[in-house]
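Source file work.pdb; content: PDB, C-alpha atoms and all ligand atoms.
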```pdb
ATOM      1  CA  MET H  78      14.511 -10.183  -6.926
ATOM      2  CA  SER H  79      15.327  -6.517  -7.133
ATOM      3  CA  ASP H  80      18.608  -5.296  -5.653
ATOM      4  CA  ALA H  81      17.062  -2.030  -4.504
ATOM      5  CA  CYS H  82      13.972  -3.585  -2.947
ATOM      6  CA  PRO H  83      13.916  -3.645   0.862
ATOM      7  CA  PHE H  84      11.313  -6.431   0.907
ATOM      8  CA  CYS H  85      13.355  -8.827  -1.259
ATOM      9  CA  ASP H  86      15.871  -9.334   1.550
ATOM     10  CA  LEU H  87      14.387  -8.888   5.006
ATOM     11  CA  GLY H  88      17.192 -10.722   6.789
ATOM     12  CA  ASP H  89      16.644 -11.182  10.509
ATOM     13  CA  ARG H  90      13.368  -9.240  10.493
ATOM     14  CA  VAL H  91      11.580 -12.408   9.351
ATOM     15  CA  LEU H  92       9.467 -13.830  12.203
ATOM     16  CA  ALA H  93       7.823 -16.677  10.303
ATOM     17  CA  GLU H  94       7.685 -17.984   6.777
ATOM     18  CA  ASN H  95       6.374 -20.641   4.490
ATOM     19  CA  GLU H  96       7.500 -21.653   1.002
ATOM     20  CA  LEU H  97       6.273 -18.492  -0.716
ATOM     21  CA  ALA H  98       5.846 -15.737   1.893
ATOM     22  CA  VAL H  99       7.276 -14.234   5.080
ATOM     23  CA  VAL H 100       6.040 -12.362   8.154
ATOM     24  CA  VAL H 101       7.584  -9.225   9.682
ATOM     25  CA  ARG H 102       6.392  -6.594  12.130
ATOM     26  CA  ASP H 103       5.830  -3.140  10.660
ATOM     27  CA  LEU H 104       8.676  -0.756  11.562
ATOM     28  CA  GLU H 105       6.208   2.094  12.109
ATOM     29  CA  PRO H 106       3.239   0.234  13.561
ATOM     30  CA  ALA H 107      -0.222   1.747  13.258
ATOM     31  CA  SER H 108      -1.152  -0.229  16.370
ATOM     32  CA  PRO H 109       0.575  -2.694  18.706
ATOM     33  CA  GLY H 110       1.277  -5.881  16.726
ATOM     34  CA  HIS H 111       0.966  -4.329  13.252
ATOM     35  CA  THR H 112       2.247  -7.084  10.960
ATOM     36  CA  LEU H 113       3.149  -7.392   7.295
ATOM     37  CA  VAL H 114       2.858 -10.567   5.222
ATOM     38  CA  ILE H 115       5.103 -10.349   2.175
ATOM     39  CA  PRO H 116       5.396 -12.707  -0.810
ATOM     40  CA  LYS H 117       9.002 -13.853  -1.310
ATOM     41  CA  ARG H 118       8.938 -13.232  -5.056
ATOM     42  CA  HIS H 119       9.325  -9.597  -6.078
ATOM     43  CA  SER H 120       6.012  -8.455  -7.514
ATOM     44  CA  GLU H 121       4.920  -4.849  -7.441
ATOM     45  CA  SER H 122       1.230  -5.625  -7.880
ATOM     46  CA  TYR H 123      -1.097  -7.744  -5.784
ATOM     47  CA  PHE H 124      -2.848  -8.618  -9.025
ATOM     48  CA  ASP H 125       0.316 -10.227 -10.394
ATOM     49  CA  LEU H 126       0.533 -12.734  -7.529
ATOM     50  CA  THR H 127      -0.105 -16.359  -8.375
ATOM     51  CA  ASN H 128      -2.942 -18.206  -6.666
ATOM     52  CA  ALA H 129      -0.310 -20.172  -4.744
ATOM     53  CA  GLU H 130       1.300 -16.947  -3.493
ATOM     54  CA  VAL H 131      -2.068 -15.548  -2.404
ATOM     55  CA  ALA H 132      -2.814 -18.822  -0.599
ATOM     56  CA  ALA H 133       0.613 -18.753   1.088
ATOM     57  CA  CYS H 134       0.028 -15.189   2.260
ATOM     58  CA  HIS H 135      -3.439 -16.084   3.522
ATOM     59  CA  ALA H 136      -2.038 -19.012   5.491
ATOM     60  CA  LEU H 137       0.442 -16.687   7.210
ATOM     61  CA  LEU H 138      -2.235 -14.052   7.851
ATOM     62  CA  ARG H 139      -4.299 -16.705   9.629
ATOM     63  CA  ALA H 140      -1.332 -17.999  11.630
ATOM     64  CA  GLU H 141      -0.242 -14.489  12.645
ATOM     65  CA  ARG H 142      -3.781 -13.621  13.666
ATOM     66  CA  GLU H 143      -3.581 -16.509  16.129
ATOM     67  CA  HIS H 144      -0.273 -15.249  17.508
ATOM     68  CA  LEU H 145      -1.520 -11.679  17.778
ATOM     69  CA  ALA H 146      -4.672 -12.842  19.538
ATOM     70  CA  LYS H 147      -2.513 -14.410  22.253
ATOM     71  CA  GLN H 148       0.175 -11.709  22.438
ATOM     72  CA  HIS H 149      -1.913  -8.548  22.167
ATOM     73  CA  ARG H 150      -5.554  -9.608  22.621
ATOM     74  CA  PRO H 151      -6.921  -7.178  20.044
ATOM     75  CA  ASP H 152     -10.650  -6.681  19.575
ATOM     76  CA  GLY H 153     -10.533  -6.710  15.749
ATOM     77  CA  TYR H 154      -8.286  -6.465  12.697
ATOM     78  CA  ASN H 155      -7.919  -4.565   9.466
ATOM     79  CA  VAL H 156      -6.424  -6.605   6.608
ATOM     80  CA  GLY H 157      -5.429  -4.840   3.448
ATOM     81  CA  VAL H 158      -3.219  -4.160   0.466
ATOM     82  CA  ASN H 159      -2.230  -0.730  -0.827
ATOM     83  CA  GLU H 160      -2.108  -1.171  -4.607
ATOM     84  CA  GLY H 161      -0.176   1.611  -6.319
ATOM     85  CA  ALA H 162       1.287   4.878  -5.073
ATOM     86  CA  ALA H 163      -2.084   6.620  -5.435
ATOM     87  CA  ALA H 164      -3.475   4.118  -2.936
ATOM     88  CA  GLY H 165      -0.594   4.615  -0.522
ATOM     89  CA  GLN H 166       1.797   1.815  -1.522
ATOM     90  CA  VAL H 167       5.249   2.820  -0.249
ATOM     91  CA  VAL H 168       7.487  -0.150  -1.063
ATOM     92  CA  PRO H 169       7.105  -1.382  -4.668
ATOM     93  CA  HIS H 170       6.797  -5.013  -3.551
ATOM     94  CA  THR H 171       3.319  -6.261  -2.700
ATOM     95  CA  TYR H 172       2.560  -6.695   0.995
ATOM     96  CA  PHE H 173      -0.445  -7.329   3.187
ATOM     97  CA  HIS H 174      -1.107  -5.304   6.313
ATOM     98  CA  LEU H 175      -2.546  -7.135   9.315
ATOM     99  CA  ILE H 176      -3.442  -4.366  11.732
ATOM    100  CA  PRO H 177      -4.793  -5.325  15.137
ATOM    101  CA  ARG H 178      -7.552  -3.019  16.349
ATOM    102  CA  TYR H 179      -8.472  -2.252  19.924
ATOM    103  CA  THR H 180     -11.755  -1.005  21.250
ATOM    104  CA  GLY H 181     -11.378   2.749  21.725
ATOM    105  CA  ASP H 182      -8.292   3.159  19.480
ATOM    106  CA  HIS H 183     -10.423   5.424  17.270
ATOM    107  CA  PRO H 184     -13.458   7.440  18.385
ATOM    108  CA  ASP H 185     -15.621   6.120  15.514
ATOM    109  CA  PRO H 186     -14.088   3.095  13.768
ATOM    110  CA  ARG H 187     -17.250   2.219  11.812
ATOM    111  CA  GLY H 188     -16.437   1.619   8.154
ATOM    112  CA  GLY H 189     -12.758   0.769   8.751
ATOM    113  CA  VAL H 190     -10.749   0.749   5.538
ATOM    114  CA  ARG H 191     -13.452   2.542   3.585
ATOM    115  CA  HIS H 192     -12.246   5.670   5.390
ATOM    116  CA  VAL H 193      -8.705   5.614   4.017
ATOM    117  CA  ILE H 194      -9.430   8.974   2.362
ATOM    118  CA  PRO H 195      -9.689  11.138   5.487
ATOM    119  CA  THR H 196     -11.633  13.932   3.770
ATOM    120  CA  ARG H 197     -14.326  11.433   2.715
ATOM    121  CA  ARG H 198     -15.472  10.412   6.185
TER     122      ARG H 198
HETATM  123 ZN    ZN O 201      11.075  -6.901  -3.809
END
```

Can the structure in the file be given as structure tokens, please?
Amino acid sequence: MSDACPFCDLGDRVLAENELAVVVRDLEPASPGHTLVIPKRHSESYFDLTNAEVAACHALLRAEREHLAKQHRPDGYNVGVNEGAAAGQVVPHTYFHLIPRYTGDHPDPRGGVRHVIPTRR
């Protein structure tokens, strides 16, 4: 736990949880339903998560996908982790993005997350 970390104490933002991870909606959603799955233990790096923490996050990703499918009826999803500031990590506490995608939300979505460097399209 880090006192300065906004993801160590999410308070009433938590929508769902299991023993090792929680679910919140992104405060600046990239698309309707944009969700974050966040391990409870403070860990800056995805690669420092235990297998149990990864499994707990995966379980919540699956469960939230089911909820999003009913609530928003997206046509696809992007799932991803930004590892390190150079890769776009903003909060120094590992988190998974679950971003619903909708047909037509981008003129050419082919390649998805491989296009995170806009100049390398
Ligand atoms: Zn934290």

Contacts of Val193 in chain H at 10 Å or less, counting all atoms listed in the file, minus same-chain residues fewer than 4 places along, as a PDB file with C-alpha atoms, in the frame of the given file?
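Writing done, so here's selection-v4.pdb:
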```pdb
ATOM      1  CA  ALA H 164      -3.475   4.118  -2.936  1.00  0.00           C
ATOM      2  CA  GLY H 165      -0.594   4.615  -0.522  1.00  0.00           C
ATOM      3  CA  GLY H 188     -16.437   1.619   8.154  1.00  0.00           C
ATOM      4  CA  GLY H 189     -12.758   0.769   8.751  1.00  0.00           C
ATOM      5  CA  ARG H 197     -14.326  11.433   2.715  1.00  0.00           C
ATOM      6  CA  ARG H 198     -15.472  10.412   6.185  1.00  0.00           C
TER       7      ARG H 198
END
```

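Put simply, CA of Gly88 in chain H is 21.9 Å away from CA of Val131 in chain H.
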
### Task
Would you translate the PyMOL selection byres (((chain H and resi 89-100) around 12) and not hetatm) into the concrete set of residues it matches in this file, as a ChimeraX atom specification?
/H:83-88,101-104,110-120,126-142,144,171-175

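Considering the residues H:Ser108, H:Ser122, H:Asn155, H:Thr180 and counting only C-alpha atoms and all ligand atoms, ligand ZN 201 (chain O) has its shortest atom-to-atom contact with H:Ser122.
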
### Minimum-distance residue to ligand ZN 201 (chain O), chosen among H:Pro184, H:Gly161, H:Pro151, H:Pro169 (using all atoms listed in the file)
H:Pro169

### Query
If you measure from CA of Tyr154 in chain H to CA of Asp185 in chain H, what distance in Å do you get, rounded to one decimal?
14.8 Å

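One distance worth recording is that between CA of Gly153 in chain H and CA of Arg178 in chain H, which is 4.8 Å.
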
### Query
Between H:Ile194, H:Val167, H:Ile176, H:Leu145, which is the closest to ligand ZN 201 (chain O) once you count all atoms listed in the file?
H:Val167

How big is the axis-aligned box around the listed atoms of range 139-148 of chain H once 4 Å is added on each side, and where is its centre? Give both in Å to one decimal, as JSON.
```
{"center_x": -2.2, "center_y": -14.8, "center_z": 16.0, "size_x": 12.8, "size_y": 14.3, "size_z": 20.8}
```

#### Entry: Among listed residues H:Val158, H:Ala163, H:Val168, H:Val190, nearest ligand ZN 201 (chain O) (using only C-alpha atoms and all ligand atoms)
H:Val168

### Query
Which of these, H:His170, H:Ala81, H:Glu105, H:Gln148, has the shortest distance to ligand ZN 201 (chain O) once you count all atoms listed in the file?
H:His170

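Closest approach to ligand ZN 201 (chain O) among H:Asp152, H:Lys147, H:Arg191, H:Cys82 is made by H:Cys82 (distances from only C-alpha atoms and all ligand atoms).
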